[in-house]
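As structure tokens, the structure follows; a few thoughts come after it.
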Amino acid sequence: MSGSVNGVYIIEFKDVTKVYPLPAGDVVALDKVSLGIRPGDFVAIMGPSGSGKSTLLNLMGFLDTPSSGDLFIRGRNVRGMTDEELTALRRDHIGFIFQQFNLIPLLTALENVQYPLNLKTGKRNNSDRSREVLKAMDLGESLHTHKPSELSGGQQQRVAIARALVNNPEILLADEPTGNLDTRTGTAIMELLEDLNHREGKTIIMVTHDPGIARYAHKTIRLVDGRISEIEEATEEA
Amino acid sequence: MQSSLFFEFSKRNVRLHWFRSLLAVIGIVIGVVTIATMGILGNSLVLAISDSLSTVGDSIIVTPHSGGGMMGGGGTSADLITERDVEQIRRAVAPDLTIPVYSGSSRMKIGLEDTAGIIYGLKQDDIPLLLELEKGSYLRGSSGCMVGQKFADENDITIGTRITVGDKGSLRVVGILKERGMGFDINPDYGIVVDDKWFSDAFDQQDYNMVIVKVKDLNSIEKVKDAIDKKLNRRETIVDVIDTKAILETILTTFGQISTFTTAIGGISLIVAGVSILNIMMMSVTERIKEIGVLRSIGTQRKEVRRMFLYEALILGLLGSVIGGVLALGGGYAVSLLMLQTTEYLFVPSSIVYVFYGMAFGIGTSLLSGLYPAWKASNLNPIDALRHE
């Protein structure tokens with residue numbers, strides 16, 4: 001994975017450095033990181049606080065751009081892309097799953113799921129596809145009209161996953177997806193993600209502190225001080 | 001299609017924060033009502049003044065220099081315009097009409113009642129050129145008089161009533177004049193009009209108090225004025241020559257300026273409302289930073305975030321302006337009734353247009369106030385916004 005960068009990768013980092021200029025001095029969040037993520041990979045990113053996990057995930061989600069080095073999606077370099085182009089990339093290729101679910105409080109569960117699809121298609125009547133995805137997330141019709149505040153944490157995260165999936169993105173980026181859930185619900189969510197990876201071949205990149213959660217991934221990237229310290233491939237038994 | 005999506009967002013947000021939205025709307029309502037009401041009042045005032053002035057701007061008034069003889073019946077010839085001067089004016093302005101006028105005031109006895117009034121002496125042929133008849137007939141002899149409508153109403157005068165003018169003699173009312181309004185030349189509404197010879201004999205006055213020149217071509221007013229000036233004021237200024245059009249324009253311009261000033265004062269309240277919207281929108285942006293981060297991260301473009309906040313400002317502006325527009329009609333009605341004692345100028349286009357001005361300013365102010373918050377929201381860094389607690 002690391003170092004052997006070539007065209008088969010869905011996401012590819014080449015000597016990517018990310019520096020945050022601060023008044024007290026520049027902070028190097030990522031230091032010459034090179035890696036490649038293949039389609040269908042299930043990757044966990046681990047490391048202590050401040051190791052650069054979130055920065056790596058933000059770069060993969062095109063929420064940020066490298067200070068130096070090159071970042072590719074399906075061979076397309078994002079260097080020099082406008083904010084509008086990066087936003088369109090996020091909309092069309094990436095599904096985000098957040099620790100705090102981050103559903104839009106003004107919208108119902110169904111509308112939250114519909115929203116990215118509406119953005120992509122420019123049409124407002126996308127309820128069939130949204131209902132289908134919500135059903136796949138095991139959320140019954142009776143919950144569709146509920147506002148996020150009326151749903152449990154597990155239900156909110158299922159809605160958030162449905163929202164991430166509705167545009168059928170190739171990549172799912174999950175930031176501590178079970179961090180706000182109890183163990184049982186967290187396990188159910190991880191089984192759901194595992195299923196999406198297995199059945200639909202979704203590429204999943206997940207930041208986690210929890211080794212138990214990281215075990216669902218096939219590969220684990222460990223970061224220390226903005227550098228990749230270890231890449232661990234899971235065995236079949238795991 | 002996406003516009004309606006973001007409009008829906010904005011609508012829901014306004015509804016969710018209904019109380020502060022209501023406060024912003026109230027601010028706009030006050031601004032719109034003030035602007036529109038002040039505008040309506042100012043315009044009604046100008047219209048009321050225009051209507052009360054009989055002058056249509058087609059007259060030139062020639063008075064003795066320094067104006068000493070205008071109302072001074074029986075004045076000395078030094079204050080008056082001689083027959084020779086009138087002839088010179090007639091020659092200078094031909095073919096425009098020259099109407100010499102005697103004027104004065106006197107005590108009068110109507111039945112058993114004593115009163116006072118203005119008396120105008122006009123040649124019988126000139127009367128129809130200046131005055132319209134309401135009832136009865138124009139003067140045909142020197143023993144009759146015509147009466148201004150208000151004077152007639154106040155003194156219960158009808159056709160046939162006898163009026164005794166001081167110790168000058170008694171006159172029979174033959175006609176009642178149509179109300180003419182305040183004029184720069186003569187004001188017969190509160191007086192009587194008599195034959196010029198009767199006036200001359202009664203007041204022992206040969207010379208005139210003023211000469212009115214009716215100009216047929218309004219574009220030639222300046223030329224006619226110059227001609228009179230050159231003819232009579234060649235060696236020394238013996239007459240003052242003024243045209244009613246200029247006076248009318250000056251008066252209307254002055255009242256127009258007063259109206260603009262009061263409307264501008266109304267505009268200040270709208271600026272205050274705008275600041276309130278700006279404040280509310282900034283609160284909305286601050287509260288929704290995380291939401292904006294989420295929207296941006298899942299593919300919402302900057303311009304779409306911007307649009308969402310501008311729609312919010314637009315909704316507040318539209319609500320405030322529509323409610324303000326409706327209330328402004330009521331406000332305009334009340335203020336007109338209170339200050340002008342009439343609402344007849346409220347529903348004329350030049351008054352109603354102020355309601356639309358007020359509404360347009362209300363919507364414009366709201367949008368302007370929403371610009372900065374919308375710009376700020378759309379330029380938030382998605383990562384920072386997502387981290388915001």
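In the structure tokens, chains take the letters A, B, ... in the order shown, each chain's residues start at 1, and ligands count up from 1 in the order shown.
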Exercise for review: Kindly determine which residues of chain B lie within 8 Å of chain A, considering only C-alpha atoms, and give the answer as a ChimeraX atom specification.
Suggested key: /B:1-2,5,9,12-13,291,294,296-302,382-383
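When DSSP is run on the backbone, the residues of segment 73-104 of chain A that fall into strand (DSSP E) are Ile73, Arg76, Asn77, Ile94, Gly95, Phe96 and Ile97 of chain A.
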Practice item. Write out as a list in words the residues lying within 12 Å of Leu192 of chain A, counting only C-alpha atoms and excluding same-chain residues fewer than 3 positions away. Key: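 Using only C-alpha atoms, the neighbours found are Ala136, Met137, Asp138, Gly154, Gln157, Arg158, Ile161, Ala162, Leu165, Pro177, Thr178, Thr185, Gly186, Thr187, Ala188, Ile189, Asp195, Leu196, Asn197, His198, Arg199, Glu200, Lys202, Ile204 and Tyr216 of chain A.
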Review point. Segment 65-70 of chain A: which residues within 6 Å, counting only C-alpha atoms, same-chain residues fewer than 3 positions away excluded, as a ChimeraX atom specification?
Key: /A:14-18,59
Point to revise | For Arg227 of chain A: contacts at 8 Å, only C-alpha atoms, fewer than 4 positions along chain excluded, given as number ranges by chain | key: A: 30-33, 51-52, 223
